[in-house]
$ cat upload02.cif   # mmCIF, C-alpha atoms
data_structure
#
loop_
_atom_site.group_PDB
_atom_site.id
_atom_site.type_symbol
_atom_site.label_atom_id
_atom_site.label_comp_id
_atom_site.auth_asym_id
_atom_site.auth_seq_id
_atom_site.Cartn_x
_atom_site.Cartn_y
_atom_site.Cartn_z
ATOM 1 C CA MET P 793 0.816 9.342 -29.593
ATOM 2 C CA HIS P 794 -2.510 10.465 -31.062
ATOM 3 C CA ARG P 795 -4.007 13.384 -29.169
ATOM 4 C CA ASN P 796 -7.234 11.482 -28.422
ATOM 5 C CA GLN P 797 -5.478 8.287 -27.401
ATOM 6 C CA ARG P 798 -5.525 7.596 -23.674
ATOM 7 C CA GLN P 799 -2.159 7.457 -21.976
ATOM 8 C CA LYS P 800 -0.983 3.953 -21.122
ATOM 9 C CA LEU P 801 0.258 2.843 -17.751
ATOM 10 C CA VAL P 802 0.743 -0.453 -15.943
ATOM 11 C CA VAL P 803 -0.406 -1.268 -12.406
ATOM 12 C CA ILE P 804 1.095 -4.189 -10.477
ATOM 13 C CA VAL P 805 -0.684 -5.282 -7.295
ATOM 14 C CA GLY P 806 -0.764 -8.241 -4.962
ATOM 15 C CA PRO P 807 -0.694 -9.110 -1.285
ATOM 16 C CA THR P 808 2.288 -8.491 0.954
ATOM 17 C CA ALA P 809 5.295 -10.807 0.281
ATOM 18 C CA SER P 810 4.000 -11.723 -3.196
ATOM 19 C CA GLY P 811 6.993 -10.301 -5.105
ATOM 20 C CA LYS P 812 5.505 -7.102 -6.579
ATOM 21 C CA SER P 813 8.757 -5.134 -6.352
ATOM 22 C CA ASP P 814 10.790 -7.803 -8.175
ATOM 23 C CA LEU P 815 8.215 -8.116 -10.955
ATOM 24 C CA GLY P 816 7.940 -4.332 -11.249
ATOM 25 C CA ILE P 817 11.720 -3.922 -11.625
ATOM 26 C CA PHE P 818 11.940 -6.745 -14.167
ATOM 27 C CA LEU P 819 9.139 -5.296 -16.324
ATOM 28 C CA ALA P 820 10.231 -1.652 -16.005
ATOM 29 C CA ARG P 821 13.719 -2.614 -17.193
ATOM 30 C CA LYS P 822 12.306 -4.732 -20.018
ATOM 31 C CA PHE P 823 9.982 -2.019 -21.336
ATOM 32 C CA GLY P 824 11.831 1.175 -20.458
ATOM 33 C CA GLY P 825 9.476 2.175 -17.677
ATOM 34 C CA GLU P 826 9.771 3.999 -14.362
ATOM 35 C CA ILE P 827 8.159 2.954 -11.087
ATOM 36 C CA ILE P 828 5.850 4.901 -8.799
ATOM 37 C CA SER P 829 5.719 3.114 -5.450
ATOM 38 C CA ALA P 830 2.137 2.736 -4.222
ATOM 39 C CA ASP P 831 2.908 1.872 -0.625
ATOM 40 C CA SER P 832 1.498 3.981 2.200
ATOM 41 C CA ARG P 833 4.600 3.377 4.369
ATOM 42 C CA GLN P 834 7.534 3.356 1.960
ATOM 43 C CA VAL P 835 7.052 7.105 1.582
ATOM 44 C CA TYR P 836 8.562 7.496 5.064
ATOM 45 C CA LYS P 837 12.270 7.962 5.693
ATOM 46 C CA LYS P 838 14.202 5.590 8.004
ATOM 47 C CA MET P 839 11.532 2.893 7.651
ATOM 48 C CA ASP P 840 13.371 0.491 5.365
ATOM 49 C CA ILE P 841 13.321 -3.018 6.836
ATOM 50 C CA GLY P 842 9.791 -3.035 8.259
ATOM 51 C CA THR P 843 8.288 -1.778 4.990
ATOM 52 C CA GLY P 844 10.345 -3.996 2.670
ATOM 53 C CA LYS P 845 11.649 -0.948 0.830
ATOM 54 C CA VAL P 846 13.574 -1.591 -2.365
ATOM 55 C CA THR P 847 17.313 -1.199 -1.872
ATOM 56 C CA LYS P 848 19.434 1.607 -3.337
ATOM 57 C CA ARG P 849 20.859 -0.951 -5.801
ATOM 58 C CA GLU P 850 17.339 -1.935 -6.917
ATOM 59 C CA GLN P 851 16.402 1.735 -7.277
ATOM 60 C CA LYS P 852 19.312 2.095 -9.708
ATOM 61 C CA MET P 853 18.078 -0.880 -11.731
ATOM 62 C CA ALA P 854 14.798 0.958 -12.363
ATOM 63 C CA LYS P 855 13.964 4.542 -11.442
ATOM 64 C CA HIS P 856 11.613 4.691 -8.423
ATOM 65 C CA TYR P 857 9.453 7.541 -7.100
ATOM 66 C CA LEU P 858 7.559 8.230 -3.842
ATOM 67 C CA ILE P 859 10.107 6.472 -1.646
ATOM 68 C CA ASP P 860 11.768 8.273 1.304
ATOM 69 C CA ILE P 861 9.907 11.549 0.824
ATOM 70 C CA ALA P 862 8.103 12.048 4.164
ATOM 71 C CA ASN P 863 8.950 12.394 7.842
ATOM 72 C CA PRO P 864 7.435 9.452 9.796
ATOM 73 C CA GLN P 865 6.362 11.858 12.553
ATOM 74 C CA LYS P 866 3.970 13.532 10.102
ATOM 75 C CA VAL P 867 0.998 11.875 8.380
ATOM 76 C CA PHE P 868 1.283 11.413 4.614
ATOM 77 C CA THR P 869 -2.288 11.144 3.314
ATOM 78 C CA VAL P 870 -3.950 9.483 0.347
ATOM 79 C CA SER P 871 -4.629 13.007 -0.987
ATOM 80 C CA ASP P 872 -0.890 13.750 -0.843
ATOM 81 C CA PHE P 873 -0.221 10.533 -2.740
ATOM 82 C CA LYS P 874 -2.842 11.311 -5.397
ATOM 83 C CA LYS P 875 -1.493 14.816 -6.092
ATOM 84 C CA LEU P 876 2.145 13.718 -6.316
ATOM 85 C CA GLY P 877 1.285 10.544 -8.246
ATOM 86 C CA GLU P 878 -0.668 12.419 -10.947
ATOM 87 C CA LYS P 879 2.234 14.828 -11.430
ATOM 88 C CA LEU P 880 4.755 11.972 -11.671
ATOM 89 C CA ILE P 881 2.660 9.997 -14.164
ATOM 90 C CA GLN P 882 2.681 13.006 -16.469
ATOM 91 C CA GLU P 883 6.426 13.541 -16.049
ATOM 92 C CA ILE P 884 7.160 9.899 -16.913
ATOM 93 C CA LEU P 885 4.822 9.968 -19.929
ATOM 94 C CA ASN P 886 6.470 13.187 -21.128
ATOM 95 C CA LYS P 887 9.746 11.235 -21.293
ATOM 96 C CA ASN P 888 7.989 8.661 -23.534
ATOM 97 C CA LYS P 889 8.336 6.055 -20.812
ATOM 98 C CA ILE P 890 5.694 3.793 -19.278
ATOM 99 C CA PRO P 891 4.650 4.556 -15.676
ATOM 100 C CA PHE P 892 4.503 1.396 -13.565
ATOM 101 C CA ILE P 893 2.393 1.830 -10.417
ATOM 102 C CA VAL P 894 3.626 -0.894 -8.064
ATOM 103 C CA GLY P 895 2.349 -1.588 -4.558
ATOM 104 C CA GLY P 896 -0.080 -3.151 -2.163
ATOM 105 C CA THR P 897 -1.998 -0.137 -0.851
ATOM 106 C CA GLY P 898 -5.178 -0.618 -2.881
ATOM 107 C CA PHE P 899 -6.919 2.524 -1.672
ATOM 108 C CA TYR P 900 -3.986 4.685 -2.816
ATOM 109 C CA ILE P 901 -3.858 3.022 -6.235
ATOM 110 C CA ASP P 902 -7.602 3.403 -6.801
ATOM 111 C CA ALA P 903 -7.493 7.053 -5.719
ATOM 112 C CA LEU P 904 -4.749 7.723 -8.264
ATOM 113 C CA ILE P 905 -5.911 5.637 -11.222
ATOM 114 C CA LYS P 906 -9.679 5.652 -10.945
ATOM 115 C CA GLY P 907 -9.977 9.330 -10.169
ATOM 116 C CA ILE P 908 -11.843 8.761 -6.922
ATOM 117 C CA SER P 909 -13.125 12.043 -5.540
ATOM 118 C CA LEU P 910 -11.752 12.212 -2.015
ATOM 119 C CA PRO P 911 -13.964 14.118 0.419
ATOM 120 C CA GLU P 912 -12.192 17.329 1.446
ATOM 121 C CA ILE P 913 -13.462 17.104 5.006
ATOM 122 C CA PRO P 914 -11.584 19.335 7.457
ATOM 123 C CA PRO P 915 -10.622 17.775 10.807
ATOM 124 C CA ASP P 916 -13.336 17.919 13.480
ATOM 125 C CA LYS P 917 -11.294 18.172 16.674
ATOM 126 C CA LYS P 918 -14.285 17.681 18.973
ATOM 127 C CA LEU P 919 -15.472 14.548 17.146
ATOM 128 C CA ARG P 920 -11.928 13.176 16.967
ATOM 129 C CA ALA P 921 -11.462 13.659 20.704
ATOM 130 C CA GLU P 922 -14.702 11.779 21.407
ATOM 131 C CA LEU P 923 -13.793 8.927 19.072
ATOM 132 C CA ALA P 924 -10.239 8.728 20.434
ATOM 133 C CA LYS P 925 -11.647 7.736 23.855
ATOM 134 C CA GLN P 926 -12.975 4.513 22.349
ATOM 135 C CA ARG P 927 -11.032 1.317 21.776
ATOM 136 C CA ALA P 928 -10.119 0.288 18.223
ATOM 137 C CA GLU P 929 -12.598 -2.609 18.449
ATOM 138 C CA GLN P 930 -15.455 -0.199 19.244
ATOM 139 C CA LEU P 931 -14.508 2.120 16.386
ATOM 140 C CA PHE P 932 -14.302 -0.798 13.987
ATOM 141 C CA SER P 933 -17.766 -2.027 15.026
ATOM 142 C CA GLN P 934 -19.206 1.418 14.244
ATOM 143 C CA LEU P 935 -17.524 1.463 10.846
ATOM 144 C CA LEU P 936 -18.768 -2.048 10.094
ATOM 145 C CA ALA P 937 -22.347 -0.921 10.746
ATOM 146 C CA LEU P 938 -22.058 2.312 8.736
ATOM 147 C CA ASP P 939 -19.843 1.264 5.817
ATOM 148 C CA PRO P 940 -19.284 -2.528 5.576
ATOM 149 C CA ARG P 941 -17.396 -2.147 2.276
ATOM 150 C CA ARG P 942 -14.726 0.101 3.812
ATOM 151 C CA ALA P 943 -14.583 -2.030 6.968
ATOM 152 C CA LYS P 944 -13.524 -5.049 4.895
ATOM 153 C CA THR P 945 -10.329 -3.325 3.776
ATOM 154 C CA ILE P 946 -9.263 -1.116 6.693
ATOM 155 C CA ASP P 947 -6.756 -2.088 9.398
ATOM 156 C CA PRO P 948 -9.085 -2.789 12.384
ATOM 157 C CA GLN P 949 -6.341 -1.794 14.847
ATOM 158 C CA ASN P 950 -5.329 1.495 13.225
ATOM 159 C CA LYS P 951 -7.239 4.027 15.299
ATOM 160 C CA ARG P 952 -6.118 7.006 13.200
ATOM 161 C CA ARG P 953 -7.570 5.538 10.006
ATOM 162 C CA LEU P 954 -10.699 4.293 11.763
ATOM 163 C CA ILE P 955 -11.319 7.744 13.249
ATOM 164 C CA ARG P 956 -10.790 9.427 9.874
ATOM 165 C CA ALA P 957 -13.170 6.989 8.144
ATOM 166 C CA LEU P 958 -15.842 7.623 10.793
ATOM 167 C CA GLU P 959 -15.212 11.376 10.620
ATOM 168 C CA ILE P 960 -15.943 11.351 6.875
ATOM 169 C CA LEU P 961 -19.043 9.187 7.383
ATOM 170 C CA LYS P 962 -20.458 11.299 10.200
ATOM 171 C CA THR P 963 -19.693 14.598 8.430
ATOM 172 C CA THR P 964 -21.042 13.669 4.987
ATOM 173 C CA GLY P 965 -23.712 11.289 6.214
ATOM 174 C CA LYS P 966 -22.733 8.691 3.622
ATOM 175 C CA PRO P 967 -19.901 6.285 2.772
ATOM 176 C CA ILE P 968 -17.234 7.069 0.182
ATOM 177 C CA PRO P 969 -18.961 6.264 -3.127
ATOM 178 C CA PRO P 970 -17.968 3.114 -5.054
ATOM 179 C CA LEU P 971 -15.038 3.653 -7.383
ATOM 180 C CA LYS P 972 -15.598 4.280 -11.050
ATOM 181 C CA THR P 973 -13.042 3.607 -13.749
ATOM 182 C CA SER P 974 -11.579 6.839 -15.056
ATOM 183 C CA ASP P 975 -11.279 7.468 -18.796
ATOM 184 C CA LYS P 976 -8.085 9.427 -18.206
ATOM 185 C CA TYR P 977 -5.684 6.496 -18.549
ATOM 186 C CA ASP P 978 -5.539 3.241 -20.469
ATOM 187 C CA VAL P 979 -4.527 0.863 -17.689
ATOM 188 C CA LEU P 980 -3.178 -2.671 -17.751
ATOM 189 C CA ASN P 981 -3.831 -4.160 -14.309
ATOM 190 C CA LEU P 982 -1.548 -7.020 -13.294
ATOM 191 C CA GLY P 983 -1.839 -8.963 -10.051
ATOM 192 C CA ILE P 984 0.395 -11.577 -8.437
ATOM 193 C CA SER P 985 -1.419 -14.544 -6.966
ATOM 194 C CA TRP P 986 0.084 -17.339 -4.841
ATOM 195 C CA PRO P 987 -1.687 -20.357 -3.336
ATOM 196 C CA LYS P 988 -2.635 -19.410 0.246
ATOM 197 C CA GLU P 989 -0.313 -21.855 2.006
ATOM 198 C CA ILE P 990 2.682 -20.828 -0.102
ATOM 199 C CA LEU P 991 1.987 -17.146 0.584
ATOM 200 C CA LYS P 992 1.890 -17.892 4.326
ATOM 201 C CA LYS P 993 5.312 -19.557 4.062
ATOM 202 C CA ARG P 994 6.657 -16.557 2.147
ATOM 203 C CA ILE P 995 5.318 -14.215 4.833
ATOM 204 C CA LYS P 996 6.990 -16.268 7.581
ATOM 205 C CA LEU P 997 10.324 -16.454 5.758
ATOM 206 C CA ARG P 998 10.303 -12.731 5.067
ATOM 207 C CA LEU P 999 9.450 -11.886 8.674
ATOM 208 C CA ASN P 1000 12.346 -14.023 9.926
ATOM 209 C CA LYS P 1001 14.655 -12.309 7.433
ATOM 210 C CA ARG P 1002 13.565 -8.826 8.513
ATOM 211 C CA LEU P 1003 14.119 -9.633 12.173
ATOM 212 C CA LYS P 1004 17.635 -10.859 11.330
ATOM 213 C CA GLN P 1005 18.259 -7.724 9.262
ATOM 214 C CA GLY P 1006 17.636 -5.531 12.305
ATOM 215 C CA MET P 1007 13.964 -4.582 12.289
ATOM 216 C CA ILE P 1008 13.914 -4.207 16.087
ATOM 217 C CA LYS P 1009 16.856 -1.776 15.953
ATOM 218 C CA GLU P 1010 15.039 0.165 13.204
ATOM 219 C CA VAL P 1011 12.056 0.649 15.544
ATOM 220 C CA LYS P 1012 14.357 1.649 18.432
ATOM 221 C CA ASP P 1013 15.984 4.234 16.166
ATOM 222 C CA LEU P 1014 12.583 5.682 15.221
ATOM 223 C CA LEU P 1015 11.704 6.049 18.911
ATOM 224 C CA ALA P 1016 15.089 7.697 19.540
ATOM 225 C CA ARG P 1017 14.353 10.171 16.731
ATOM 226 C CA GLY P 1018 11.178 11.281 18.465
ATOM 227 C CA VAL P 1019 8.516 9.106 16.848
ATOM 228 C CA SER P 1020 5.936 8.594 19.602
ATOM 229 C CA LYS P 1021 4.631 5.178 20.678
ATOM 230 C CA LYS P 1022 1.169 6.277 19.561
ATOM 231 C CA ARG P 1023 2.492 7.219 16.117
ATOM 232 C CA LEU P 1024 4.425 3.943 15.924
ATOM 233 C CA HIS P 1025 1.117 2.109 16.364
ATOM 234 C CA ASP P 1026 -0.255 3.809 13.239
ATOM 235 C CA LEU P 1027 2.812 3.103 11.075
ATOM 236 C CA GLY P 1028 1.783 -0.463 10.389
ATOM 237 C CA LEU P 1029 1.904 -3.949 11.796
ATOM 238 C CA GLU P 1030 5.677 -4.437 12.074
ATOM 239 C CA TYR P 1031 6.170 -1.157 13.939
ATOM 240 C CA ARG P 1032 3.107 -1.710 16.100
ATOM 241 C CA TRP P 1033 4.080 -5.199 17.306
ATOM 242 C CA VAL P 1034 7.780 -4.459 17.746
ATOM 243 C CA GLY P 1035 6.745 -1.339 19.677
ATOM 244 C CA GLU P 1036 4.637 -3.514 21.994
ATOM 245 C CA TYR P 1037 7.635 -5.800 22.509
ATOM 246 C CA LEU P 1038 9.981 -2.892 23.267
ATOM 247 C CA SER P 1039 7.431 -1.533 25.759
ATOM 248 C CA GLY P 1040 7.573 -4.861 27.625
ATOM 249 C CA LYS P 1041 3.900 -5.643 26.997
ATOM 250 C CA ILE P 1042 4.713 -8.896 25.176
ATOM 251 C CA ASN P 1043 7.769 -11.136 24.935
ATOM 252 C CA TYR P 1044 9.800 -11.832 21.774
ATOM 253 C CA THR P 1045 8.014 -15.100 20.904
ATOM 254 C CA GLU P 1046 4.577 -13.502 21.339
ATOM 255 C CA MET P 1047 5.650 -10.543 19.212
ATOM 256 C CA LYS P 1048 6.898 -12.776 16.409
ATOM 257 C CA ASN P 1049 3.880 -15.123 16.413
ATOM 258 C CA ASP P 1050 1.259 -12.386 16.751
ATOM 259 C CA LEU P 1051 2.935 -10.278 14.076
ATOM 260 C CA TYR P 1052 2.983 -13.221 11.665
ATOM 261 C CA LYS P 1053 -0.758 -13.852 12.233
ATOM 262 C CA ALA P 1054 -1.528 -10.140 11.790
ATOM 263 C CA ILE P 1055 0.381 -9.986 8.486
ATOM 264 C CA VAL P 1056 -1.491 -13.047 7.171
ATOM 265 C CA LYS P 1057 -4.805 -11.341 8.063
ATOM 266 C CA TYR P 1058 -3.615 -8.163 6.353
ATOM 267 C CA SER P 1059 -2.787 -10.107 3.173
ATOM 268 C CA LYS P 1060 -6.387 -11.364 3.143
ATOM 269 C CA ARG P 1061 -7.724 -7.805 3.458
ATOM 270 C CA GLN P 1062 -5.512 -6.759 0.563
ATOM 271 C CA MET P 1063 -6.893 -9.547 -1.628
ATOM 272 C CA THR P 1064 -10.457 -8.619 -0.652
ATOM 273 C CA TRP P 1065 -9.772 -5.132 -1.992
ATOM 274 C CA PHE P 1066 -8.051 -6.269 -5.194
ATOM 275 C CA LYS P 1067 -10.632 -8.949 -6.024
ATOM 276 C CA ARG P 1068 -13.235 -6.188 -6.486
ATOM 277 C CA ASN P 1069 -11.367 -5.133 -9.624
ATOM 278 C CA LYS P 1070 -12.423 -7.560 -12.344
ATOM 279 C CA GLU P 1071 -9.927 -5.976 -14.789
ATOM 280 C CA ILE P 1072 -6.872 -7.425 -13.019
ATOM 281 C CA HIS P 1073 -4.957 -10.080 -14.973
ATOM 282 C CA TRP P 1074 -3.649 -12.464 -12.310
ATOM 283 C CA VAL P 1075 -0.266 -14.013 -13.065
ATOM 284 C CA SER P 1076 1.274 -17.025 -11.371
ATOM 285 C CA PRO P 1077 4.859 -16.657 -10.145
ATOM 286 C CA PRO P 1078 7.717 -17.193 -10.015
ATOM 287 C CA ALA P 1079 9.185 -17.321 -13.558
ATOM 288 C CA GLY P 1080 5.816 -18.047 -15.137
ATOM 289 C CA GLY P 1081 4.515 -14.773 -13.780
ATOM 290 C CA GLN P 1082 7.252 -12.824 -15.548
ATOM 291 C CA LYS P 1083 6.509 -14.512 -18.881
ATOM 292 C CA GLU P 1084 2.738 -14.040 -18.548
ATOM 293 C CA ALA P 1085 3.140 -10.382 -17.559
ATOM 294 C CA GLU P 1086 5.630 -9.703 -20.356
ATOM 295 C CA LYS P 1087 3.254 -11.184 -22.947
ATOM 296 C CA LEU P 1088 0.334 -9.086 -21.634
ATOM 297 C CA ILE P 1089 2.379 -5.870 -21.734
ATOM 298 C CA ARG P 1090 3.620 -6.512 -25.278
ATOM 299 C CA LYS P 1091 0.019 -6.916 -26.415
ATOM 300 C CA PHE P 1092 -1.021 -3.840 -24.425
ATOM 301 C CA ILE P 1093 1.590 -1.453 -25.845
ATOM 302 C CA SER P 1094 1.640 -2.684 -29.446
ATOM 303 C CA PRO P 1095 -0.307 -0.471 -31.879
ATOM 304 C CA LEU P 1096 -3.538 -1.859 -33.297
#
$ encode --input "upload02.cif" --output "structure tokens"
Amino acid sequence: MHRNQRQKLVVIVGPTASGKSDLGIFLARKFGGEIISADSRQVYKKMDIGTGKVTKREQKMAKHYLIDIANPQKVFTVSDFKKLGEKLIQEILNKNKIPFIVGGTGFYIDALIKGISLPEIPPDKKLRAELAKQRAEQLFSQLLALDPRRAKTIDPQNKRRLIRALEILKTTGKPIPPLKTSDKYDVLNLGISWPKEILKKRIKLRLNKRLKQGMIKEVKDLLARGVSKKRLHDLGLEYRWVGEYLSGKINYTEMKNDLYKAIVKYSKRQMTWFKRNKEIHWVSPPAGGQKEAEKLIRKFISPL
């Protein structure tokens, strides 16, 4: 590789249940690549079913990184992801392989690829305590008024993330600046797009499958290992709603229906984030998506 040539990597994004993992494995195998998981929850150990983590067999099909590396009782931050991700990209490139960044956590991917400068704001315990007294809805309303762009993509029920976003805003006096494309990497952005109604069906089928696989037992096991109910709430929709069910606040049918609706809403937030990036090549699955993506990568990696 010429010294002045930017290093090539491939990013695969899409909403939840779109088939990112399958496409990533197919393409990594085809082009001799290795996968960095860009999922804010798959980093945690013992959270396999609820996060849709790739199986051990799939991890053997293509080398995966940033899976099962953190204790769910501790918070793994976007800064942690950025530092580890940058190191891994270099390690994969040094092996003359292509790094494939695969996942649905848009903020993590942008922080890694676009070189976003994350505000190093230390925790303000007094401010956090004041904000913690408020309901998630109140916190979200504040964020919406101060930084509408961030409010469009954040989980409106995740108090920890809402408090952190407000903490940064109130400390710096301004929103996180818009992302700028970094010159560090030459990136091919691929996205998986399904018609809305088909994606909803995929979400429902996958939720039913996860419940049959033992998602409720997985949440019980996390609680037994010392993960608090408050922490469970911040670990994402599946853990939040199953936690509510296990606490007796809602029945099984309510849990299942409300969780399905929440995941559909989340998929819309994901697409709102991804649609800002006009460089994404959207491919149409199932098999057609593989062929389109393969053709784009061949063009991307071939010398001029």
$ closest_residue --input "upload02.cif" --among "P:Leu815, P:Leu1014, P:Ala924, P:Ile828" --to "Glu878 of chain P" --atoms "only C-alpha atoms"
P:Ile828
$ axis_aligned_box --input "upload02.cif" --around "segment 847-856 of chain P" --padding-each-side "6 Å" --output "lines of an AutoDock Vina configuration file"
center_x = 16.2
center_y = 1.4
center_z = -7.1
size_x = 21.2
size_y = 18.6
size_z = 22.5
$ atom_distance --input "upload02.cif" --atom1 "atom CA of Leu876 of chain P" --atom2 "atom CA of Lys1060 of chain P"
28.1 Å
$ resolve_selection --input "upload02.cif" --expression "the PyMOL selection byres ((chain P and resi 914) around 10)" --output "PyMOL selection string"
chain P and resi 911-913+915-917+959-960+963
$ closest_residue --input "upload02.cif" --among "P:Arg1023, P:Lys1004, P:Lys988, P:Lys1009" --to "Asn863 of chain P" --atoms "all atoms listed in the file"
P:Arg1023
$ residues_around --input "upload02.cif" --residues "Met853 of chain P" --least-positions-apart "2" --cutoff "12 Å" --atoms "all atoms listed in the file" --output "count of residues only"
21
$ residues_near_point --input "upload02.cif" --point "(7.7, -3.8, -26.1)" --cutoff "8 Å" --atoms "all atoms listed in the file" --output "JSON, numbers by chain"
{"P": [822, 823, 1089, 1090, 1093, 1094]}
$ residues_around --input "upload02.cif" --residues "Asp1013 of chain P" --least-positions-apart "3" --cutoff "12 Å" --atoms "all atoms listed in the file" --output "list of chain:residue names"
P:Lys837, P:Lys838, P:Met839, P:Asp840, P:Pro864, P:Gly1006, P:Met1007, P:Ile1008, P:Lys1009, P:Glu1010, P:Ala1016, P:Arg1017, P:Gly1018, P:Val1019, P:Ser1020, P:Leu1024, P:Tyr1031, P:Gly1035, P:Leu1038
$ resolve_selection --input "upload02.cif" --expression "the PyMOL selection byres ((chain P and resi 880) around 12)" --output "VMD selection string"
chain P and resid 801 826 to 829 855 to 858 873 to 879 881 to 887 889 to 893 904
$ build_atoms --input "upload02.cif" --residues "segment 992-1004 of chain P" --atoms "N, CA and C atoms" --output "compact mmCIF listing (two decimals), in the coordinates of the input"
# COMPACT_ATOMS: atom_id res chain seq x y z
N LYS P 992 1.62 -17.88 2.88
CA LYS P 992 1.89 -17.89 4.33
C LYS P 992 3.35 -18.21 4.62
N LYS P 993 3.90 -19.19 3.88
CA LYS P 993 5.31 -19.56 4.06
C LYS P 993 6.22 -18.40 3.67
N ARG P 994 5.86 -17.71 2.60
CA ARG P 994 6.66 -16.56 2.15
C ARG P 994 6.63 -15.44 3.19
N ILE P 995 5.45 -15.24 3.79
CA ILE P 995 5.32 -14.22 4.83
C ILE P 995 6.20 -14.56 6.03
N LYS P 996 6.19 -15.83 6.43
CA LYS P 996 6.99 -16.27 7.58
C LYS P 996 8.49 -16.13 7.30
N LEU P 997 8.91 -16.57 6.13
CA LEU P 997 10.32 -16.45 5.76
C LEU P 997 10.78 -15.00 5.72
N ARG P 998 9.93 -14.15 5.17
CA ARG P 998 10.30 -12.73 5.07
C ARG P 998 10.36 -12.07 6.44
N LEU P 999 9.44 -12.44 7.32
CA LEU P 999 9.45 -11.89 8.67
C LEU P 999 10.73 -12.29 9.40
N ASN P 1000 11.10 -13.56 9.30
CA ASN P 1000 12.35 -14.02 9.93
C ASN P 1000 13.55 -13.25 9.38
N LYS P 1001 13.56 -13.03 8.08
CA LYS P 1001 14.66 -12.31 7.43
C LYS P 1001 14.74 -10.87 7.94
N ARG P 1002 13.58 -10.23 8.06
CA ARG P 1002 13.56 -8.83 8.51
C ARG P 1002 14.03 -8.70 9.96
N LEU P 1003 13.66 -9.66 10.78
CA LEU P 1003 14.12 -9.63 12.17
C LEU P 1003 15.64 -9.80 12.24
N LYS P 1004 16.18 -10.66 11.38
CA LYS P 1004 17.64 -10.86 11.33
C LYS P 1004 18.34 -9.62 10.78
